Amino acid sequence: MHLINQRETAHACEKGRGGLMATSLDGKAVESKDCSCASCLFSSLPDDVLVEILCRVTDRKHLIRLKSVCKCWNNLITDACVPKISDSSPLRGFIYHVWRRVSSGKTYIDYIPCAMTPAVAPEPHEFVKSYSSLLPFEPAWVDFLDCCNGLLLFVEGSIPQYYVCNPVTKQCVAIPRDFTLEDTCSASLAFDPFKSPHYRVVCFDYSEPKGPQRLRVFSSETGSWTIQETAFGYGSKKARLAKHCIYLDGVLYRQSASKLLLCFDLNRGNSRAIELPEKERLAPNDYGCIGLSRRHLCYSDLVGTALHFWLFEDRCKNDRWTLIHNINVDYLGKHVHRLDRTTIARFGKISALRPFALHPTSEVVFFGTGGAMLSYDPEDKRVELIYRTKKDRQIMKGQISVFPYTPCLVNLKDFGQWDCSLSQP
């Protein structure tokens, strides 16, 4: 699709017609009154058709610029296009923690472009610069907390100052401080642009060692913090929990090393634990990989000599894991050894293979070792190289440190404190 020159489009919008109206995914009308689009090249098109056309703009930066054409286009893109394209937003790459053997074992944050979209994925250094330049401080690897559907979460200071960044819109906002948070061990983002433009910052509060674990939740919709009690007594820090959480339909999911999946319903304030599939056969004191695949919660892990892939079904609270794929490690090893010698050397022993992440819009599994990441597509049984590290570097182990990144067009709300939004070019 060829983009219309923005100046010509803006000039064509100088004369007026009535307000535009389209339907968002939740069925609500998206309307802009007093919109001046009479002579616009698209003025004769039904609004739902215009939404379809705008959603086909492949370069999201151009779509952001089109929001400035006129008020009605801004409303259509914000309220109808963004939720629609968010459901199929392409995987661009992975933010991950890398360990460097030299320099006293330094750990830092880097980015792996996804080989499935090589034409649009930025180079690692370019992407890291794109979000680092938004922050008022130079982030260390421990300051990066989470990535959820295109938004990034960072923290600074002993009394945590949280920052939420959107690299696509070049925005970064400071979250109002909760000065009672002094011993927070971890925090996550809960955000789904398909459902809502609002997000939540969820802090796991470990300040009460004897009581149940509490969640401190900041809502971008209300601009305030709330407290939720949980059913788990994890205040002592003795329980080992994976850093990376998964958010789906109002529920935040987090793994424990005891092979339980902890579920925190942020809307209802409930919490419960689900046993992971075949927990007796899973490696002790280790984590598998939870993730979203086609808007379903899935889990992948090694069971014996096979990489298993399960789908979670929650039907009337009758929890059930369904095995979807069973991939033999030796079979994957044969594919690995067909790659170039350098990749084989970086990959190392096939016995060290671990699942890293799941593809959000397909059944592709990303796996590897500290030296290389590969993908496996169960549909065509194809193994592809995604990334191999330099000789002196390693991907830190497993899902604790690998975060899939998909771009997001949602604008971030300023809460009246420090704001480092950059103007659009």
# chains A, B, ... in the order shown; residues from 1 in each chain; ligands from 1

$ residues_around --residues "Phe191 in chain A" --least-positions-apart "4" --cutoff "8 Å" --atoms "only C-alpha atoms" --output "list in words"
Cys148, Asn149, Leu151, Ser196, Pro197, His198, Tyr199, Arg200 and Tyr247 of chain A

$ residues_around --residues "range 216-219 of chain A" --least-positions-apart "6" --cutoff "12 Å" --atoms "only C-alpha atoms" --output "NGL selection string"
:A and (162-164 or 174-191 or 196-207 or 225-230 or 252 or 264-267 or 269 or 413 or 415)

$ select_by_dssp --residues "range 281-374 of chain A" --states "strand (DSSP E or B)" --output "number ranges by chain"
A: 289-293, 296-303, 306-315, 318-328, 354-358, 365-369, 372-374

$ write_last_selection --atoms "C-alpha atoms" --output "PDB file, in the first residue's frame"
ATOM      1  CA  CYS A 289       8.950 -21.189  29.738  1.00  0.00           C
ATOM      2  CA  ILE A 290       5.481 -19.689  30.109  1.00  0.00           C
ATOM      3  CA  GLY A 291       4.201 -17.450  27.347  1.00  0.00           C
ATOM      4  CA  LEU A 292       1.337 -16.505  25.090  1.00  0.00           C
ATOM      5  CA  SER A 293       0.657 -18.215  21.790  1.00  0.00           C
ATOM      6  CA  HIS A 296      -3.562 -18.751  24.902  1.00  0.00           C
ATOM      7  CA  LEU A 297      -1.403 -19.391  27.942  1.00  0.00           C
ATOM      8  CA  CYS A 298       1.209 -22.027  27.116  1.00  0.00           C
ATOM      9  CA  TYR A 299       4.091 -23.744  28.863  1.00  0.00           C
ATOM     10  CA  SER A 300       7.201 -25.355  27.407  1.00  0.00           C
ATOM     11  CA  ASP A 301       9.839 -27.408  29.201  1.00  0.00           C
ATOM     12  CA  LEU A 302      12.144 -30.392  28.886  1.00  0.00           C
ATOM     13  CA  VAL A 303      10.703 -33.731  29.976  1.00  0.00           C
ATOM     14  CA  ALA A 306      11.948 -34.199  24.707  1.00  0.00           C
ATOM     15  CA  LEU A 307      10.825 -30.585  24.547  1.00  0.00           C
ATOM     16  CA  HIS A 308       7.130 -30.469  25.421  1.00  0.00           C
ATOM     17  CA  PHE A 309       4.634 -27.751  24.569  1.00  0.00           C
ATOM     18  CA  TRP A 310       1.359 -27.495  26.527  1.00  0.00           C
ATOM     19  CA  LEU A 311      -1.711 -25.280  26.222  1.00  0.00           C
ATOM     20  CA  PHE A 312      -3.628 -24.276  29.367  1.00  0.00           C
ATOM     21  CA  GLU A 313      -7.416 -24.558  29.367  1.00  0.00           C
ATOM     22  CA  ASP A 314      -9.346 -22.859  32.148  1.00  0.00           C
ATOM     23  CA  ARG A 315     -12.919 -24.001  31.717  1.00  0.00           C
ATOM     24  CA  ASN A 318     -11.459 -26.964  35.724  1.00  0.00           C
ATOM     25  CA  ASP A 319      -7.760 -26.429  35.023  1.00  0.00           C
ATOM     26  CA  ARG A 320      -6.266 -28.650  32.351  1.00  0.00           C
ATOM     27  CA  TRP A 321      -2.963 -28.729  30.468  1.00  0.00           C
ATOM     28  CA  THR A 322      -3.173 -30.190  26.975  1.00  0.00           C
ATOM     29  CA  LEU A 323       0.007 -31.466  25.317  1.00  0.00           C
ATOM     30  CA  ILE A 324       0.251 -29.910  21.850  1.00  0.00           C
ATOM     31  CA  HIS A 325       3.767 -30.826  20.714  1.00  0.00           C
ATOM     32  CA  ASN A 326       6.434 -33.292  21.774  1.00  0.00           C
ATOM     33  CA  ILE A 327       9.795 -32.620  20.114  1.00  0.00           C
ATOM     34  CA  ASN A 328      12.690 -35.016  20.605  1.00  0.00           C
ATOM     35  CA  ARG A 354      16.433 -24.905  27.201  1.00  0.00           C
ATOM     36  CA  PRO A 355      13.244 -23.198  25.950  1.00  0.00           C
ATOM     37  CA  PHE A 356      13.627 -19.401  25.869  1.00  0.00           C
ATOM     38  CA  ALA A 357      10.329 -17.963  24.639  1.00  0.00           C
ATOM     39  CA  LEU A 358       7.137 -18.620  22.675  1.00  0.00           C
ATOM     40  CA  VAL A 365       9.216 -22.203  20.045  1.00  0.00           C
ATOM     41  CA  PHE A 366      12.487 -20.356  20.659  1.00  0.00           C
ATOM     42  CA  PHE A 367      15.138 -22.457  22.341  1.00  0.00           C
ATOM     43  CA  GLY A 368      18.873 -22.652  22.716  1.00  0.00           C
ATOM     44  CA  THR A 369      21.833 -22.506  25.038  1.00  0.00           C
ATOM     45  CA  ALA A 372      22.864 -19.417  20.493  1.00  0.00           C
ATOM     46  CA  MET A 373      19.117 -19.006  20.077  1.00  0.00           C
ATOM     47  CA  LEU A 374      17.158 -20.961  17.469  1.00  0.00           C
TER      48      LEU A 374
END

$ residues_around --residues "Ile85 in chain A" --least-positions-apart "3" --cutoff "12 Å" --atoms "only C-alpha atoms" --output "PyMOL selection string"
chain A and resi 24-25+51-60+63+77-82+88-90+149+192-195+406-410

$ write_last_selection --atoms "N, CA, C and O atoms" --output "compact mmCIF listing (two decimals), in the first residue's frame"
# COMPACT_ATOMS: atom_id res chain seq x y z
N SER A 24 -15.04 0.40 17.57
CA SER A 24 -13.85 -0.22 18.15
C SER A 24 -14.15 -1.68 18.43
O SER A 24 -15.28 -2.15 18.31
N LEU A 25 -13.13 -2.42 18.89
CA LEU A 25 -13.29 -3.86 19.09
C LEU A 25 -14.25 -4.19 20.21
O LEU A 25 -14.83 -5.26 20.24
N VAL A 51 -10.57 2.51 8.59
CA VAL A 51 -9.81 1.83 9.65
C VAL A 51 -9.02 0.66 9.08
O VAL A 51 -7.85 0.46 9.40
N GLU A 52 -9.66 -0.12 8.19
CA GLU A 52 -8.96 -1.24 7.57
C GLU A 52 -7.76 -0.77 6.77
O GLU A 52 -6.69 -1.40 6.78
N ILE A 53 -7.92 0.34 6.05
CA ILE A 53 -6.82 0.87 5.25
C ILE A 53 -5.68 1.33 6.15
O ILE A 53 -4.50 1.01 5.92
N LEU A 54 -6.01 2.07 7.20
CA LEU A 54 -4.97 2.56 8.11
C LEU A 54 -4.24 1.41 8.80
O LEU A 54 -3.03 1.49 9.05
N CYS A 55 -4.95 0.35 9.09
CA CYS A 55 -4.33 -0.80 9.76
C CYS A 55 -3.35 -1.53 8.86
O CYS A 55 -2.54 -2.33 9.34
N ARG A 56 -3.41 -1.27 7.57
CA ARG A 56 -2.50 -1.92 6.63
C ARG A 56 -1.21 -1.13 6.41
O ARG A 56 -0.36 -1.53 5.61
N VAL A 57 -1.07 -0.01 7.10
CA VAL A 57 0.20 0.73 7.05
C VAL A 57 1.24 -0.09 7.79
O VAL A 57 1.18 -0.25 9.01
N THR A 58 2.19 -0.63 7.07
CA THR A 58 3.13 -1.59 7.67
C THR A 58 4.16 -0.92 8.57
O THR A 58 4.60 -1.50 9.56
N ASP A 59 4.56 0.29 8.23
CA ASP A 59 5.54 1.00 9.06
C ASP A 59 4.77 1.76 10.14
O ASP A 59 4.08 2.74 9.87
N ARG A 60 4.90 1.31 11.39
CA ARG A 60 4.13 1.90 12.48
C ARG A 60 4.50 3.37 12.72
O ARG A 60 3.70 4.14 13.24
N LEU A 63 2.21 5.39 10.73
CA LEU A 63 0.88 5.41 11.30
C LEU A 63 0.81 6.43 12.44
O LEU A 63 -0.20 7.13 12.61
N ILE A 77 -7.31 6.15 14.76
CA ILE A 77 -6.08 5.38 14.95
C ILE A 77 -5.93 4.96 16.40
O ILE A 77 -5.60 3.80 16.71
N THR A 78 -6.21 5.90 17.33
CA THR A 78 -6.04 5.61 18.75
C THR A 78 -7.05 4.59 19.26
O THR A 78 -6.70 3.64 19.96
N ASP A 79 -8.34 4.79 18.92
CA ASP A 79 -9.41 4.00 19.52
C ASP A 79 -9.82 2.77 18.72
O ASP A 79 -10.41 1.84 19.29
N ALA A 80 -9.53 2.74 17.43
CA ALA A 80 -9.95 1.60 16.61
C ALA A 80 -8.77 0.84 16.02
O ALA A 80 -8.72 -0.39 16.07
N CYS A 81 -7.80 1.58 15.46
CA CYS A 81 -6.67 0.91 14.79
C CYS A 81 -5.72 0.24 15.78
O CYS A 81 -5.29 -0.90 15.57
N VAL A 82 -5.34 0.96 16.84
CA VAL A 82 -4.36 0.42 17.78
C VAL A 82 -4.81 -0.89 18.40
O VAL A 82 -4.06 -1.88 18.41
N SER A 88 -2.36 -8.63 16.46
CA SER A 88 -1.50 -9.35 15.51
C SER A 88 -0.16 -8.63 15.34
O SER A 88 0.47 -8.76 14.30
N SER A 89 0.23 -7.87 16.35
CA SER A 89 1.48 -7.12 16.26
C SER A 89 2.65 -8.09 16.10
O SER A 89 2.77 -9.07 16.85
N PRO A 90 3.53 -7.87 15.13
CA PRO A 90 4.60 -8.84 14.85
C PRO A 90 5.68 -8.85 15.91
O PRO A 90 5.96 -7.83 16.55
N ASN A 149 4.06 -6.48 25.93
CA ASN A 149 3.31 -5.98 24.77
C ASN A 149 3.77 -4.61 24.31
O ASN A 149 2.96 -3.74 23.97
N ASP A 192 -2.32 -4.96 28.08
CA ASP A 192 -2.83 -5.63 26.88
C ASP A 192 -3.55 -4.59 26.02
O ASP A 192 -4.71 -4.26 26.25
N PRO A 193 -2.85 -4.01 25.01
CA PRO A 193 -3.45 -2.95 24.20
C PRO A 193 -4.65 -3.42 23.39
O PRO A 193 -5.43 -2.59 22.91
N PHE A 194 -4.80 -4.72 23.22
CA PHE A 194 -5.99 -5.25 22.53
C PHE A 194 -7.25 -5.01 23.36
O PHE A 194 -8.34 -4.84 22.82
N LYS A 195 -7.08 -4.99 24.69
CA LYS A 195 -8.22 -4.81 25.59
C LYS A 195 -8.36 -3.38 26.10
O LYS A 195 -9.46 -2.87 26.29
N THR A 406 7.24 -6.87 21.11
CA THR A 406 6.37 -6.52 19.99
C THR A 406 6.06 -5.03 20.09
O THR A 406 5.79 -4.53 21.18
N PRO A 407 6.11 -4.29 18.99
CA PRO A 407 5.90 -2.84 19.05
C PRO A 407 4.46 -2.48 19.40
O PRO A 407 3.53 -3.23 19.14
N CYS A 408 4.32 -1.32 20.01
CA CYS A 408 3.02 -0.84 20.49
C CYS A 408 2.86 0.64 20.16
O CYS A 408 3.82 1.41 20.30
N LEU A 409 1.67 1.07 19.76
CA LEU A 409 1.42 2.45 19.37
C LEU A 409 0.68 3.25 20.44
O LEU A 409 0.31 4.40 20.20
N VAL A 410 0.45 2.69 21.61
CA VAL A 410 -0.30 3.38 22.65
C VAL A 410 0.52 4.54 23.21
O VAL A 410 1.70 4.38 23.55

$ atom_distance --atom1 "CA of Leu152 in chain A" --atom2 "CA of Lys170 in chain A"
11.6 Å

$ atom_distance --atom1 "CA of Arg100 in chain A" --atom2 "CA of His125 in chain A"
15.9 Å

$ decode --residues "range 346-375 of chain A" --atoms "N, CA and C atoms" --output "PDB file, in the first residue's frame"
ATOM      1  N   ARG A 346      29.053 -22.496  19.086  1.00  0.00           N
ATOM      2  CA  ARG A 346      28.431 -21.615  20.078  1.00  0.00           C
ATOM      3  C   ARG A 346      27.302 -22.333  20.815  1.00  0.00           C
ATOM      4  N   PHE A 347      26.569 -23.173  20.087  1.00  0.00           N
ATOM      5  CA  PHE A 347      25.427 -23.854  20.690  1.00  0.00           C
ATOM      6  C   PHE A 347      25.879 -24.797  21.799  1.00  0.00           C
ATOM      7  N   GLY A 348      26.975 -25.479  21.581  1.00  0.00           N
ATOM      8  CA  GLY A 348      27.484 -26.379  22.609  1.00  0.00           C
ATOM      9  C   GLY A 348      26.728 -27.689  22.659  1.00  0.00           C
ATOM     10  N   LYS A 349      26.641 -28.257  23.854  1.00  0.00           N
ATOM     11  CA  LYS A 349      26.006 -29.561  24.025  1.00  0.00           C
ATOM     12  C   LYS A 349      24.496 -29.457  23.908  1.00  0.00           C
ATOM     13  N   ILE A 350      23.912 -30.395  23.170  1.00  0.00           N
ATOM     14  CA  ILE A 350      22.470 -30.399  22.991  1.00  0.00           C
ATOM     15  C   ILE A 350      21.763 -30.664  24.317  1.00  0.00           C
ATOM     16  N   SER A 351      22.450 -31.308  25.260  1.00  0.00           N
ATOM     17  CA  SER A 351      21.856 -31.586  26.574  1.00  0.00           C
ATOM     18  C   SER A 351      21.623 -30.313  27.379  1.00  0.00           C
ATOM     19  N   ALA A 352      22.299 -29.206  26.998  1.00  0.00           N
ATOM     20  CA  ALA A 352      22.134 -27.927  27.698  1.00  0.00           C
ATOM     21  C   ALA A 352      20.982 -27.105  27.127  1.00  0.00           C
ATOM     22  N   LEU A 353      20.267 -27.644  26.149  1.00  0.00           N
ATOM     23  CA  LEU A 353      19.171 -26.932  25.499  1.00  0.00           C
ATOM     24  C   LEU A 353      18.081 -26.580  26.501  1.00  0.00           C
ATOM     25  N   ARG A 354      17.556 -25.345  26.388  1.00  0.00           N
ATOM     26  CA  ARG A 354      16.433 -24.905  27.201  1.00  0.00           C
ATOM     27  C   ARG A 354      15.478 -24.067  26.352  1.00  0.00           C
ATOM     28  N   PRO A 355      14.176 -24.102  26.653  1.00  0.00           N
ATOM     29  CA  PRO A 355      13.244 -23.198  25.950  1.00  0.00           C
ATOM     30  C   PRO A 355      13.446 -21.767  26.448  1.00  0.00           C
ATOM     31  N   PHE A 356      13.429 -20.800  25.524  1.00  0.00           N
ATOM     32  CA  PHE A 356      13.627 -19.401  25.869  1.00  0.00           C
ATOM     33  C   PHE A 356      12.329 -18.605  25.853  1.00  0.00           C
ATOM     34  N   ALA A 357      11.535 -18.775  24.797  1.00  0.00           N
ATOM     35  CA  ALA A 357      10.329 -17.963  24.639  1.00  0.00           C
ATOM     36  C   ALA A 357       9.388 -18.631  23.647  1.00  0.00           C
ATOM     37  N   LEU A 358       8.148 -18.140  23.607  1.00  0.00           N
ATOM     38  CA  LEU A 358       7.137 -18.620  22.675  1.00  0.00           C
ATOM     39  C   LEU A 358       6.732 -17.477  21.750  1.00  0.00           C
ATOM     40  N   HIS A 359       6.420 -17.823  20.508  1.00  0.00           N
ATOM     41  CA  HIS A 359       5.994 -16.805  19.554  1.00  0.00           C
ATOM     42  C   HIS A 359       4.554 -16.405  19.851  1.00  0.00           C
ATOM     43  N   PRO A 360       4.239 -15.102  19.941  1.00  0.00           N
ATOM     44  CA  PRO A 360       2.892 -14.684  20.352  1.00  0.00           C
ATOM     45  C   PRO A 360       1.788 -14.959  19.337  1.00  0.00           C
ATOM     46  N   THR A 361       2.118 -15.093  18.050  1.00  0.00           N
ATOM     47  CA  THR A 361       1.074 -15.272  17.040  1.00  0.00           C
ATOM     48  C   THR A 361       1.196 -16.584  16.269  1.00  0.00           C
ATOM     49  N   SER A 362       2.029 -17.503  16.744  1.00  0.00           N
ATOM     50  CA  SER A 362       2.164 -18.809  16.094  1.00  0.00           C
ATOM     51  C   SER A 362       2.574 -19.831  17.151  1.00  0.00           C
ATOM     52  N   GLU A 363       2.859 -21.049  16.719  1.00  0.00           N
ATOM     53  CA  GLU A 363       3.283 -22.094  17.652  1.00  0.00           C
ATOM     54  C   GLU A 363       4.800 -22.281  17.654  1.00  0.00           C
ATOM     55  N   VAL A 364       5.517 -21.324  17.098  1.00  0.00           N
ATOM     56  CA  VAL A 364       6.970 -21.399  17.059  1.00  0.00           C
ATOM     57  C   VAL A 364       7.537 -21.318  18.480  1.00  0.00           C
ATOM     58  N   VAL A 365       8.523 -22.184  18.761  1.00  0.00           N
ATOM     59  CA  VAL A 365       9.216 -22.203  20.045  1.00  0.00           C
ATOM     60  C   VAL A 365      10.645 -21.721  19.828  1.00  0.00           C
ATOM     61  N   PHE A 366      11.102 -20.820  20.696  1.00  0.00           N
ATOM     62  CA  PHE A 366      12.487 -20.356  20.659  1.00  0.00           C
ATOM     63  C   PHE A 366      13.262 -21.060  21.762  1.00  0.00           C
ATOM     64  N   PHE A 367      14.364 -21.668  21.388  1.00  0.00           N
ATOM     65  CA  PHE A 367      15.138 -22.457  22.341  1.00  0.00           C
ATOM     66  C   PHE A 367      16.622 -22.227  22.074  1.00  0.00           C
ATOM     67  N   GLY A 368      17.440 -22.783  22.942  1.00  0.00           N
ATOM     68  CA  GLY A 368      18.873 -22.652  22.716  1.00  0.00           C
ATOM     69  C   GLY A 368      19.683 -22.903  23.964  1.00  0.00           C
ATOM     70  N   THR A 369      20.904 -22.416  23.919  1.00  0.00           N
ATOM     71  CA  THR A 369      21.833 -22.506  25.038  1.00  0.00           C
ATOM     72  C   THR A 369      22.368 -21.097  25.285  1.00  0.00           C
ATOM     73  N   GLY A 370      23.390 -21.001  26.133  1.00  0.00           N
ATOM     74  CA  GLY A 370      23.976 -19.694  26.397  1.00  0.00           C
ATOM     75  C   GLY A 370      24.642 -19.078  25.190  1.00  0.00           C
ATOM     76  N   GLY A 371      24.967 -19.885  24.176  1.00  0.00           N
ATOM     77  CA  GLY A 371      25.705 -19.377  23.029  1.00  0.00           C
ATOM     78  C   GLY A 371      24.902 -19.109  21.785  1.00  0.00           C
ATOM     79  N   ALA A 372      23.658 -19.605  21.720  1.00  0.00           N
ATOM     80  CA  ALA A 372      22.864 -19.417  20.493  1.00  0.00           C
ATOM     81  C   ALA A 372      21.383 -19.591  20.781  1.00  0.00           C
ATOM     82  N   MET A 373      20.571 -18.851  20.014  1.00  0.00           N
ATOM     83  CA  MET A 373      19.117 -19.006  20.077  1.00  0.00           C
ATOM     84  C   MET A 373      18.610 -19.446  18.709  1.00  0.00           C
ATOM     85  N   LEU A 374      17.747 -20.459  18.697  1.00  0.00           N
ATOM     86  CA  LEU A 374      17.158 -20.961  17.469  1.00  0.00           C
ATOM     87  C   LEU A 374      15.643 -21.003  17.614  1.00  0.00           C
ATOM     88  N   SER A 375      14.961 -21.180  16.500  1.00  0.00           N
ATOM     89  CA  SER A 375      13.514 -21.329  16.533  1.00  0.00           C
ATOM     90  C   SER A 375      13.134 -22.658  15.896  1.00  0.00           C
TER      91      SER A 375
END
